[in-house]
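Undergrad: Input coords-v7.cif, format and content: mmCIF, N, CA and C atoms.
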data_coords
loop_
_atom_site.label_atom_id
_atom_site.label_comp_id
_atom_site.auth_asym_id
_atom_site.auth_seq_id
_atom_site.Cartn_x
_atom_site.Cartn_y
_atom_site.Cartn_z
N MET A 1 15.23 10.69 -10.22
CA MET A 1 15.32 10.68 -8.78
C MET A 1 16.79 10.52 -8.41
N LEU A 2 17.25 11.35 -7.51
CA LEU A 2 18.64 11.29 -7.07
C LEU A 2 18.87 10.22 -6.00
N GLN A 3 17.87 10.01 -5.15
CA GLN A 3 18.02 9.08 -4.04
C GLN A 3 16.67 8.41 -3.77
N VAL A 4 16.61 7.09 -3.86
CA VAL A 4 15.38 6.32 -3.67
C VAL A 4 15.01 6.31 -2.19
N PRO A 5 13.71 6.40 -1.86
CA PRO A 5 13.32 6.43 -0.45
C PRO A 5 13.50 5.09 0.26
N ASN A 6 13.73 5.18 1.55
CA ASN A 6 13.65 4.04 2.44
C ASN A 6 12.25 4.04 3.03
N VAL A 7 11.72 2.86 3.31
CA VAL A 7 10.37 2.75 3.83
C VAL A 7 10.42 2.24 5.26
N VAL A 8 9.62 2.89 6.10
CA VAL A 8 9.43 2.43 7.47
C VAL A 8 8.04 1.79 7.51
N GLY A 9 8.02 0.46 7.31
CA GLY A 9 6.75 -0.28 7.34
C GLY A 9 5.88 -0.05 6.12
N LEU A 10 5.09 -1.05 5.79
CA LEU A 10 4.05 -0.97 4.77
C LEU A 10 2.91 -1.74 5.40
N THR A 11 1.97 -1.03 6.00
CA THR A 11 0.97 -1.63 6.88
C THR A 11 -0.43 -1.50 6.30
N MET A 12 -1.17 -2.61 6.32
CA MET A 12 -2.57 -2.62 5.91
C MET A 12 -3.44 -2.54 7.15
N CYS A 13 -4.52 -1.75 7.08
CA CYS A 13 -5.42 -1.61 8.22
C CYS A 13 -6.82 -1.26 7.74
N GLU A 14 -7.80 -1.40 8.65
CA GLU A 14 -9.18 -1.10 8.29
C GLU A 14 -9.41 0.37 8.03
N GLN A 15 -8.79 1.23 8.84
CA GLN A 15 -8.91 2.66 8.62
C GLN A 15 -7.75 3.40 9.29
N ILE A 16 -7.57 4.64 8.88
CA ILE A 16 -6.55 5.50 9.45
C ILE A 16 -7.22 6.80 9.89
N ILE A 17 -7.03 7.14 11.14
CA ILE A 17 -7.61 8.37 11.67
C ILE A 17 -6.46 9.36 11.86
N THR A 18 -6.59 10.53 11.25
CA THR A 18 -5.56 11.56 11.36
C THR A 18 -6.07 12.71 12.21
N ASP A 19 -5.35 13.02 13.27
CA ASP A 19 -5.72 14.12 14.16
C ASP A 19 -5.49 15.44 13.42
N ALA A 20 -6.51 16.27 13.37
CA ALA A 20 -6.43 17.52 12.62
C ALA A 20 -5.41 18.49 13.20
N ALA A 21 -5.27 18.51 14.51
CA ALA A 21 -4.36 19.47 15.15
C ALA A 21 -2.90 19.03 15.05
N THR A 22 -2.61 17.76 15.31
CA THR A 22 -1.22 17.30 15.37
C THR A 22 -0.76 16.63 14.09
N ARG A 23 -1.70 16.21 13.24
CA ARG A 23 -1.42 15.44 12.02
C ARG A 23 -0.88 14.05 12.33
N HIS A 24 -1.00 13.60 13.59
CA HIS A 24 -0.61 12.24 13.95
C HIS A 24 -1.65 11.27 13.42
N ALA A 25 -1.21 10.10 13.00
CA ALA A 25 -2.11 9.11 12.42
C ALA A 25 -2.25 7.91 13.36
N THR A 26 -3.48 7.43 13.48
CA THR A 26 -3.76 6.22 14.24
C THR A 26 -4.22 5.15 13.26
N LEU A 27 -3.50 4.03 13.21
CA LEU A 27 -3.88 2.91 12.35
C LEU A 27 -4.81 2.00 13.15
N VAL A 28 -6.00 1.75 12.62
CA VAL A 28 -7.01 0.98 13.32
C VAL A 28 -7.12 -0.41 12.70
N ASN A 29 -6.96 -1.44 13.54
CA ASN A 29 -7.12 -2.84 13.13
C ASN A 29 -6.18 -3.22 11.98
N THR A 30 -4.89 -3.23 12.25
CA THR A 30 -3.93 -3.66 11.24
C THR A 30 -4.09 -5.15 10.97
N PHE A 31 -3.75 -5.58 9.77
CA PHE A 31 -3.94 -6.99 9.40
C PHE A 31 -2.99 -7.40 8.30
N SER A 32 -2.83 -8.70 8.13
CA SER A 32 -2.11 -9.27 6.99
C SER A 32 -2.92 -10.42 6.40
N HIS A 33 -4.16 -10.60 6.90
CA HIS A 33 -5.03 -11.67 6.44
C HIS A 33 -6.46 -11.14 6.40
N LEU A 34 -7.15 -11.39 5.29
CA LEU A 34 -8.56 -11.02 5.13
C LEU A 34 -9.38 -12.27 4.91
N ARG A 35 -10.55 -12.29 5.50
CA ARG A 35 -11.50 -13.38 5.25
C ARG A 35 -12.64 -12.83 4.40
N CYS A 36 -12.95 -13.56 3.32
CA CYS A 36 -14.03 -13.18 2.42
C CYS A 36 -14.95 -14.39 2.27
N PRO A 37 -16.26 -14.19 2.35
CA PRO A 37 -17.19 -15.32 2.30
C PRO A 37 -17.30 -15.98 0.92
N VAL A 38 -17.09 -15.22 -0.14
CA VAL A 38 -17.21 -15.74 -1.51
C VAL A 38 -16.14 -15.11 -2.39
N PHE A 39 -15.90 -15.76 -3.54
CA PHE A 39 -14.95 -15.22 -4.52
C PHE A 39 -15.58 -15.25 -5.90
N PRO A 40 -15.37 -14.22 -6.70
CA PRO A 40 -14.64 -13.01 -6.37
C PRO A 40 -15.27 -12.34 -5.14
N SER A 41 -14.42 -11.70 -4.34
CA SER A 41 -14.89 -11.12 -3.08
C SER A 41 -15.73 -9.88 -3.34
N PRO A 42 -16.62 -9.58 -2.39
CA PRO A 42 -17.28 -8.27 -2.46
C PRO A 42 -16.21 -7.18 -2.34
N PRO A 43 -16.50 -5.97 -2.77
CA PRO A 43 -15.51 -4.89 -2.65
C PRO A 43 -15.04 -4.72 -1.20
N GLN A 44 -13.74 -4.68 -1.02
CA GLN A 44 -13.15 -4.52 0.31
C GLN A 44 -12.71 -3.08 0.51
N ARG A 45 -12.82 -2.63 1.76
CA ARG A 45 -12.46 -1.25 2.12
C ARG A 45 -11.35 -1.31 3.17
N PHE A 46 -10.19 -0.74 2.84
CA PHE A 46 -9.08 -0.69 3.79
C PHE A 46 -8.07 0.37 3.34
N ALA A 47 -7.02 0.54 4.13
CA ALA A 47 -6.00 1.54 3.82
C ALA A 47 -4.62 0.93 3.99
N ILE A 48 -3.66 1.55 3.33
CA ILE A 48 -2.25 1.18 3.45
C ILE A 48 -1.49 2.41 3.89
N SER A 49 -0.64 2.23 4.89
CA SER A 49 0.15 3.33 5.42
C SER A 49 1.63 2.97 5.39
N THR A 50 2.44 3.96 5.10
CA THR A 50 3.88 3.80 5.16
C THR A 50 4.52 5.15 5.43
N VAL A 51 5.77 5.13 5.82
CA VAL A 51 6.54 6.36 5.99
C VAL A 51 7.75 6.26 5.06
N LEU A 52 7.95 7.31 4.27
CA LEU A 52 9.07 7.37 3.32
C LEU A 52 10.09 8.37 3.84
N THR A 53 11.36 8.01 3.79
CA THR A 53 12.42 8.90 4.25
C THR A 53 13.68 8.66 3.41
N ASP A 54 14.66 9.51 3.57
CA ASP A 54 15.97 9.40 2.90
C ASP A 54 15.91 9.59 1.38
N ALA A 55 14.82 10.16 0.87
CA ALA A 55 14.68 10.32 -0.58
C ALA A 55 15.03 11.74 -0.99
N LEU A 56 15.42 11.88 -2.25
CA LEU A 56 15.76 13.19 -2.78
C LEU A 56 15.43 13.21 -4.27
N GLY A 57 14.66 14.22 -4.69
CA GLY A 57 14.34 14.38 -6.10
C GLY A 57 12.87 14.08 -6.39
N ASP A 58 12.55 14.08 -7.68
CA ASP A 58 11.19 13.78 -8.15
C ASP A 58 11.09 12.31 -8.51
N ALA A 59 9.92 11.72 -8.25
CA ALA A 59 9.73 10.31 -8.58
C ALA A 59 8.28 10.05 -8.97
N ILE A 60 8.11 9.08 -9.85
CA ILE A 60 6.79 8.51 -10.11
C ILE A 60 6.68 7.30 -9.20
N MET A 61 5.76 7.36 -8.25
CA MET A 61 5.53 6.28 -7.31
C MET A 61 4.45 5.36 -7.87
N THR A 62 4.58 4.07 -7.60
CA THR A 62 3.60 3.09 -8.06
C THR A 62 3.36 2.08 -6.95
N LEU A 63 2.09 1.79 -6.70
CA LEU A 63 1.75 0.71 -5.79
C LEU A 63 1.01 -0.33 -6.62
N VAL A 64 1.59 -1.53 -6.70
CA VAL A 64 1.04 -2.61 -7.52
C VAL A 64 0.54 -3.71 -6.59
N LEU A 65 -0.67 -4.20 -6.86
CA LEU A 65 -1.20 -5.38 -6.16
C LEU A 65 -1.27 -6.50 -7.18
N HIS A 66 -0.62 -7.62 -6.87
CA HIS A 66 -0.71 -8.75 -7.79
C HIS A 66 -0.90 -10.05 -7.03
N ARG A 67 -1.47 -11.02 -7.74
CA ARG A 67 -1.66 -12.37 -7.20
C ARG A 67 -0.30 -13.05 -7.14
N LEU A 68 -0.05 -13.77 -6.06
CA LEU A 68 1.22 -14.47 -5.95
C LEU A 68 1.26 -15.77 -6.75
N ASP A 69 0.09 -16.37 -7.03
CA ASP A 69 0.10 -17.64 -7.77
C ASP A 69 0.30 -17.45 -9.27
N THR A 70 -0.17 -16.34 -9.83
CA THR A 70 -0.07 -16.12 -11.28
C THR A 70 0.72 -14.85 -11.64
N LEU A 71 1.00 -14.01 -10.64
CA LEU A 71 1.64 -12.70 -10.82
C LEU A 71 0.78 -11.72 -11.63
N GLU A 72 -0.49 -12.04 -11.81
CA GLU A 72 -1.43 -11.15 -12.49
C GLU A 72 -1.60 -9.88 -11.66
N ILE A 73 -1.55 -8.73 -12.33
CA ILE A 73 -1.76 -7.45 -11.66
C ILE A 73 -3.26 -7.25 -11.46
N ILE A 74 -3.64 -7.03 -10.20
CA ILE A 74 -5.05 -6.81 -9.84
C ILE A 74 -5.37 -5.32 -9.84
N ARG A 75 -4.44 -4.51 -9.33
CA ARG A 75 -4.65 -3.06 -9.27
C ARG A 75 -3.30 -2.38 -9.28
N GLU A 76 -3.25 -1.21 -9.89
CA GLU A 76 -2.02 -0.43 -9.96
C GLU A 76 -2.37 1.04 -9.81
N ARG A 77 -1.66 1.73 -8.92
CA ARG A 77 -1.86 3.17 -8.72
C ARG A 77 -0.54 3.88 -8.93
N ARG A 78 -0.60 5.04 -9.63
CA ARG A 78 0.61 5.84 -9.89
C ARG A 78 0.35 7.29 -9.48
N TRP A 79 1.40 7.95 -8.97
CA TRP A 79 1.31 9.35 -8.63
C TRP A 79 2.74 9.91 -8.57
N SER A 80 2.84 11.24 -8.65
CA SER A 80 4.13 11.93 -8.60
C SER A 80 4.40 12.40 -7.17
N MET A 81 5.67 12.36 -6.79
CA MET A 81 6.08 12.90 -5.50
C MET A 81 7.40 13.64 -5.68
N THR A 82 7.57 14.70 -4.90
CA THR A 82 8.83 15.43 -4.85
C THR A 82 9.39 15.30 -3.44
N PHE A 83 10.62 14.86 -3.36
CA PHE A 83 11.32 14.70 -2.08
C PHE A 83 12.40 15.77 -2.04
N ALA A 84 12.16 16.83 -1.26
CA ALA A 84 13.09 17.96 -1.21
C ALA A 84 14.14 17.83 -0.11
N ASP A 85 13.82 17.08 0.93
CA ASP A 85 14.72 16.97 2.09
C ASP A 85 14.84 15.51 2.50
N PRO A 86 16.01 14.89 2.34
CA PRO A 86 16.14 13.47 2.68
C PRO A 86 15.98 13.17 4.17
N LEU A 87 16.05 14.17 5.02
CA LEU A 87 15.86 13.96 6.45
C LEU A 87 14.39 14.01 6.87
N ARG A 88 13.53 14.43 5.97
CA ARG A 88 12.10 14.53 6.28
C ARG A 88 11.42 13.18 6.09
N ALA A 89 10.61 12.80 7.07
CA ALA A 89 9.80 11.58 6.97
C ALA A 89 8.41 11.97 6.46
N ILE A 90 7.98 11.32 5.39
CA ILE A 90 6.70 11.63 4.77
C ILE A 90 5.77 10.45 4.95
N ARG A 91 4.63 10.68 5.62
CA ARG A 91 3.62 9.63 5.78
C ARG A 91 2.79 9.56 4.51
N LEU A 92 2.65 8.35 3.99
CA LEU A 92 1.86 8.10 2.78
C LEU A 92 0.68 7.23 3.17
N ILE A 93 -0.52 7.68 2.85
CA ILE A 93 -1.73 6.93 3.13
C ILE A 93 -2.48 6.72 1.82
N LEU A 94 -2.76 5.46 1.51
CA LEU A 94 -3.53 5.11 0.31
C LEU A 94 -4.78 4.36 0.76
N ARG A 95 -5.93 4.85 0.35
CA ARG A 95 -7.19 4.23 0.74
C ARG A 95 -7.81 3.48 -0.45
N TYR A 96 -8.36 2.32 -0.15
CA TYR A 96 -9.09 1.52 -1.14
C TYR A 96 -10.52 1.36 -0.66
N THR A 97 -11.47 1.56 -1.56
CA THR A 97 -12.89 1.42 -1.19
C THR A 97 -13.60 0.37 -2.03
N ASP A 98 -12.95 -0.13 -3.05
CA ASP A 98 -13.65 -1.01 -3.99
C ASP A 98 -12.76 -2.13 -4.53
N LEU A 99 -11.88 -2.65 -3.69
CA LEU A 99 -10.93 -3.65 -4.15
C LEU A 99 -11.51 -5.05 -3.98
N SER A 100 -11.67 -5.76 -5.09
CA SER A 100 -12.22 -7.11 -5.07
C SER A 100 -11.11 -8.12 -5.39
N PHE A 101 -11.09 -9.21 -4.63
CA PHE A 101 -10.09 -10.26 -4.84
C PHE A 101 -10.74 -11.41 -5.61
N PRO A 102 -10.13 -11.83 -6.74
CA PRO A 102 -10.77 -12.83 -7.60
C PRO A 102 -10.80 -14.23 -6.99
N VAL A 103 -9.77 -14.62 -6.23
CA VAL A 103 -9.69 -15.97 -5.66
C VAL A 103 -9.07 -15.91 -4.28
N SER A 104 -9.26 -16.98 -3.53
CA SER A 104 -8.58 -17.15 -2.25
C SER A 104 -7.09 -17.37 -2.53
N GLY A 105 -6.21 -16.82 -1.67
CA GLY A 105 -4.78 -17.04 -1.87
C GLY A 105 -3.95 -15.87 -1.42
N GLY A 106 -2.71 -15.84 -1.88
CA GLY A 106 -1.77 -14.79 -1.51
C GLY A 106 -1.74 -13.67 -2.53
N TYR A 107 -1.61 -12.46 -2.02
CA TYR A 107 -1.50 -11.26 -2.84
C TYR A 107 -0.35 -10.43 -2.29
N GLN A 108 0.27 -9.63 -3.15
CA GLN A 108 1.39 -8.81 -2.70
C GLN A 108 1.23 -7.38 -3.18
N PHE A 109 1.40 -6.44 -2.25
CA PHE A 109 1.50 -5.03 -2.58
C PHE A 109 2.98 -4.72 -2.73
N THR A 110 3.35 -4.09 -3.84
CA THR A 110 4.74 -3.71 -4.08
C THR A 110 4.78 -2.20 -4.35
N LEU A 111 5.61 -1.50 -3.59
CA LEU A 111 5.79 -0.07 -3.76
C LEU A 111 7.06 0.18 -4.56
N LEU A 112 6.94 1.00 -5.61
CA LEU A 112 8.06 1.31 -6.50
C LEU A 112 8.26 2.82 -6.57
N ALA A 113 9.50 3.24 -6.74
CA ALA A 113 9.84 4.64 -7.01
C ALA A 113 10.61 4.65 -8.33
N ASP A 114 10.04 5.29 -9.34
CA ASP A 114 10.62 5.27 -10.68
C ASP A 114 10.95 3.84 -11.13
N SER A 115 10.01 2.94 -10.92
CA SER A 115 10.09 1.52 -11.29
C SER A 115 11.12 0.74 -10.49
N GLU A 116 11.69 1.32 -9.46
CA GLU A 116 12.66 0.63 -8.61
C GLU A 116 11.97 0.18 -7.33
N TRP A 117 12.21 -1.08 -6.93
CA TRP A 117 11.58 -1.65 -5.74
C TRP A 117 11.93 -0.83 -4.51
N VAL A 118 10.89 -0.57 -3.68
CA VAL A 118 11.10 0.15 -2.43
C VAL A 118 10.63 -0.68 -1.24
N ALA A 119 9.45 -1.32 -1.37
CA ALA A 119 8.91 -2.13 -0.25
C ALA A 119 7.83 -3.06 -0.78
N GLN A 120 7.49 -4.03 0.06
CA GLN A 120 6.40 -4.95 -0.28
C GLN A 120 5.75 -5.48 0.99
N ALA A 121 4.50 -5.92 0.85
CA ALA A 121 3.77 -6.53 1.95
C ALA A 121 2.86 -7.60 1.36
N VAL A 122 2.78 -8.75 2.02
CA VAL A 122 1.95 -9.85 1.56
C VAL A 122 0.64 -9.87 2.32
N LEU A 123 -0.44 -10.12 1.59
CA LEU A 123 -1.78 -10.22 2.15
C LEU A 123 -2.35 -11.59 1.81
N ARG A 124 -2.79 -12.31 2.82
CA ARG A 124 -3.46 -13.59 2.60
C ARG A 124 -4.96 -13.34 2.60
N VAL A 125 -5.64 -13.90 1.61
CA VAL A 125 -7.11 -13.77 1.51
C VAL A 125 -7.67 -15.17 1.47
N SER A 126 -8.64 -15.45 2.36
CA SER A 126 -9.23 -16.79 2.39
C SER A 126 -10.69 -16.71 2.78
N ASP A 127 -11.39 -17.88 2.63
CA ASP A 127 -12.81 -17.92 3.00
C ASP A 127 -12.97 -18.34 4.43
#
How does the structure come out when it is put into structure tokens?

TA:
Amino acid sequence: MLQVPNVVGLTMCEQIITDAATRHATLVNTFSHLRCPVFPSPPQRFAISTVLTDALGDAIMTLVLHRLDTLEIIRERRWSMTFADPLRAIRLILRYTDLSFPVSGGYQFTLLADSEWVAQAVLRVSD
């Protein structure tokens, strides 16, 4: 990768609605705290949205979710991206349908480009 992306927000929400005609996205019910009645939690359904800009070249992107108390990795997703124009803003939407949290506490999503830190967001999970 020639130039690592800058991130405009890393937002968690219940769902993302994308207008078919305009491709505009509406983030529904954004949050930074989840309540779960029991632990390990039942599978949670939500999405993460961000906008990437100022990047140039090919990159392996990674989104890692880990516990803040032990740094244990709970989930990791990898995919390839090509950034051809650093002036272009690219909306990235990642959906989760089966994410279970083992304990109450803090969790962190970390976005990496070729193993280099790009952004992070903290999620509190409690009963």

Undergrad: Which residues are near region 37-49 of chain A? Cut-off 7 Å, only C-alpha atoms, ignore same chain within fewer than 3 positions. Put them as an MDAnalysis selection string.

TA: chainID A and resid 10:16 92:103 127

Undergrad: Step by step, work through what the PyMOL selection byres ((chain A and resi 51-66) around 7) selects in the shown file, and finish by giving those residues as number ranges by chain.

TA: A: 1-10, 49-50, 67-92, 106-115

Undergrad: Please return as JSON, numbers by chain: the residues of region 40-97 of chain A that backbone DSSP assigns to strand (DSSP E).

TA: {"A": [44, 45, 46, 47, 48, 49, 50, 51, 52, 53, 57, 58, 59, 60, 61, 62, 63, 64, 65, 66, 67, 73, 74, 75, 76, 77, 78, 79, 80, 81, 82, 83, 90, 91, 92, 93, 94, 95, 96, 97]}

Undergrad: Have a look at atom N of Ala121 (chain A) and CA of Gly105 (chain A) and let me know their distance in Å, one decimal.

TA: 14.7 Å

Undergrad: I'd like the box whose edges run along x, y and z of the file and which contains every listed atom of region 34-50 of chain A, padded by 8 Å per side; could you state its centre and edge lengths in Å, one decimal, as JSON?

TA:
{"center_x": -6.4, "center_y": -5.4, "center_z": -0.6, "size_x": 37.8, "size_y": 37.1, "size_z": 28.2}

Undergrad: Report, in Å to a single decimal, how far apart CA of Val122 (chain A) and CA of Ser104 (chain A) are.

TA: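 According to the coordinates, CA of Ser104 (chain A) and CA of Val122 (chain A) are separated by 13.4 Å.
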
Undergrad: Work out how far CA of Arg35 (chain A) is from CA of Ile17 (chain A), in Å to one decimal.

TA: 23.0 Å

Undergrad: Could you pull region 38-49 of chain A out of the block above and give me all heavy atoms, as a compact mmCIF listing (two decimals), in the first residue's frame?

TA:
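out-v2.txt, freshly written:
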# COMPACT_ATOMS: atom_id res chain seq x y z
N VAL A 38 -27.95 -12.15 29.45
CA VAL A 38 -27.12 -13.24 29.98
C VAL A 38 -25.79 -13.28 29.23
O VAL A 38 -25.67 -12.74 28.13
CB VAL A 38 -27.82 -14.62 29.84
CG1 VAL A 38 -29.08 -14.68 30.69
CG2 VAL A 38 -28.13 -14.92 28.39
N PHE A 39 -24.82 -13.96 29.84
CA PHE A 39 -23.51 -14.15 29.20
C PHE A 39 -23.11 -15.60 29.29
O PHE A 39 -23.34 -16.22 30.32
CB PHE A 39 -22.46 -13.25 29.87
CG PHE A 39 -22.71 -11.81 29.58
CD1 PHE A 39 -23.42 -11.03 30.47
CD2 PHE A 39 -22.27 -11.24 28.40
CE1 PHE A 39 -23.67 -9.70 30.21
CE2 PHE A 39 -22.52 -9.90 28.12
CZ PHE A 39 -23.22 -9.13 29.03
N PRO A 40 -22.52 -16.16 28.25
CA PRO A 40 -22.29 -15.53 26.96
C PRO A 40 -23.62 -15.03 26.37
O PRO A 40 -24.66 -15.66 26.56
CB PRO A 40 -21.68 -16.60 26.09
CG PRO A 40 -21.52 -17.82 26.94
CD PRO A 40 -22.12 -17.56 28.26
N SER A 41 -23.54 -13.92 25.64
CA SER A 41 -24.75 -13.30 25.12
C SER A 41 -25.34 -14.11 23.98
O SER A 41 -24.63 -14.84 23.29
CB SER A 41 -24.44 -11.89 24.61
OG SER A 41 -23.73 -11.95 23.37
N PRO A 42 -26.65 -13.97 23.79
CA PRO A 42 -27.23 -14.55 22.57
C PRO A 42 -26.59 -13.85 21.36
O PRO A 42 -26.04 -12.74 21.50
CB PRO A 42 -28.72 -14.19 22.67
CG PRO A 42 -28.94 -13.65 24.03
CD PRO A 42 -27.61 -13.29 24.61
N PRO A 43 -26.64 -14.45 20.18
CA PRO A 43 -26.06 -13.80 19.00
C PRO A 43 -26.64 -12.40 18.79
O PRO A 43 -27.86 -12.23 18.83
CB PRO A 43 -26.43 -14.73 17.85
CG PRO A 43 -26.65 -16.06 18.51
CD PRO A 43 -27.21 -15.76 19.87
N GLN A 44 -25.77 -11.43 18.59
CA GLN A 44 -26.18 -10.05 18.38
C GLN A 44 -26.11 -9.72 16.89
O GLN A 44 -25.25 -10.21 16.17
CB GLN A 44 -25.27 -9.10 19.16
CG GLN A 44 -25.27 -9.34 20.65
CD GLN A 44 -26.64 -9.11 21.25
OE1 GLN A 44 -27.21 -8.04 21.12
NE2 GLN A 44 -27.18 -10.12 21.92
N ARG A 45 -27.04 -8.87 16.46
CA ARG A 45 -27.11 -8.46 15.05
C ARG A 45 -26.93 -6.94 14.99
O ARG A 45 -27.71 -6.20 15.58
CB ARG A 45 -28.47 -8.86 14.50
CG ARG A 45 -28.68 -8.52 13.08
CD ARG A 45 -30.10 -8.91 12.66
NE ARG A 45 -30.28 -8.62 11.28
CZ ARG A 45 -30.28 -9.53 10.32
NH1 ARG A 45 -30.14 -10.80 10.63
NH2 ARG A 45 -30.45 -9.18 9.07
N PHE A 46 -25.88 -6.49 14.28
CA PHE A 46 -25.65 -5.06 14.11
C PHE A 46 -24.69 -4.84 12.95
O PHE A 46 -24.22 -5.79 12.32
CB PHE A 46 -25.13 -4.41 15.40
CG PHE A 46 -23.82 -4.92 15.89
CD1 PHE A 46 -22.64 -4.31 15.54
CD2 PHE A 46 -23.78 -6.02 16.75
CE1 PHE A 46 -21.43 -4.79 16.01
CE2 PHE A 46 -22.58 -6.48 17.23
CZ PHE A 46 -21.39 -5.88 16.85
N ALA A 47 -24.41 -3.57 12.66
CA ALA A 47 -23.52 -3.24 11.55
C ALA A 47 -22.51 -2.19 11.99
O ALA A 47 -22.73 -1.47 12.96
CB ALA A 47 -24.34 -2.71 10.37
N ILE A 48 -21.42 -2.13 11.27
CA ILE A 48 -20.39 -1.11 11.48
C ILE A 48 -20.20 -0.38 10.17
O ILE A 48 -20.11 -1.00 9.10
CB ILE A 48 -19.07 -1.74 11.94
CG1 ILE A 48 -19.26 -2.37 13.32
CG2 ILE A 48 -17.95 -0.71 11.95
CD1 ILE A 48 -18.05 -3.05 13.86
N SER A 49 -20.18 0.94 10.25
CA SER A 49 -20.02 1.78 9.07
C SER A 49 -18.83 2.72 9.26
O SER A 49 -18.60 3.23 10.35
CB SER A 49 -21.29 2.60 8.83
OG SER A 49 -21.10 3.50 7.76
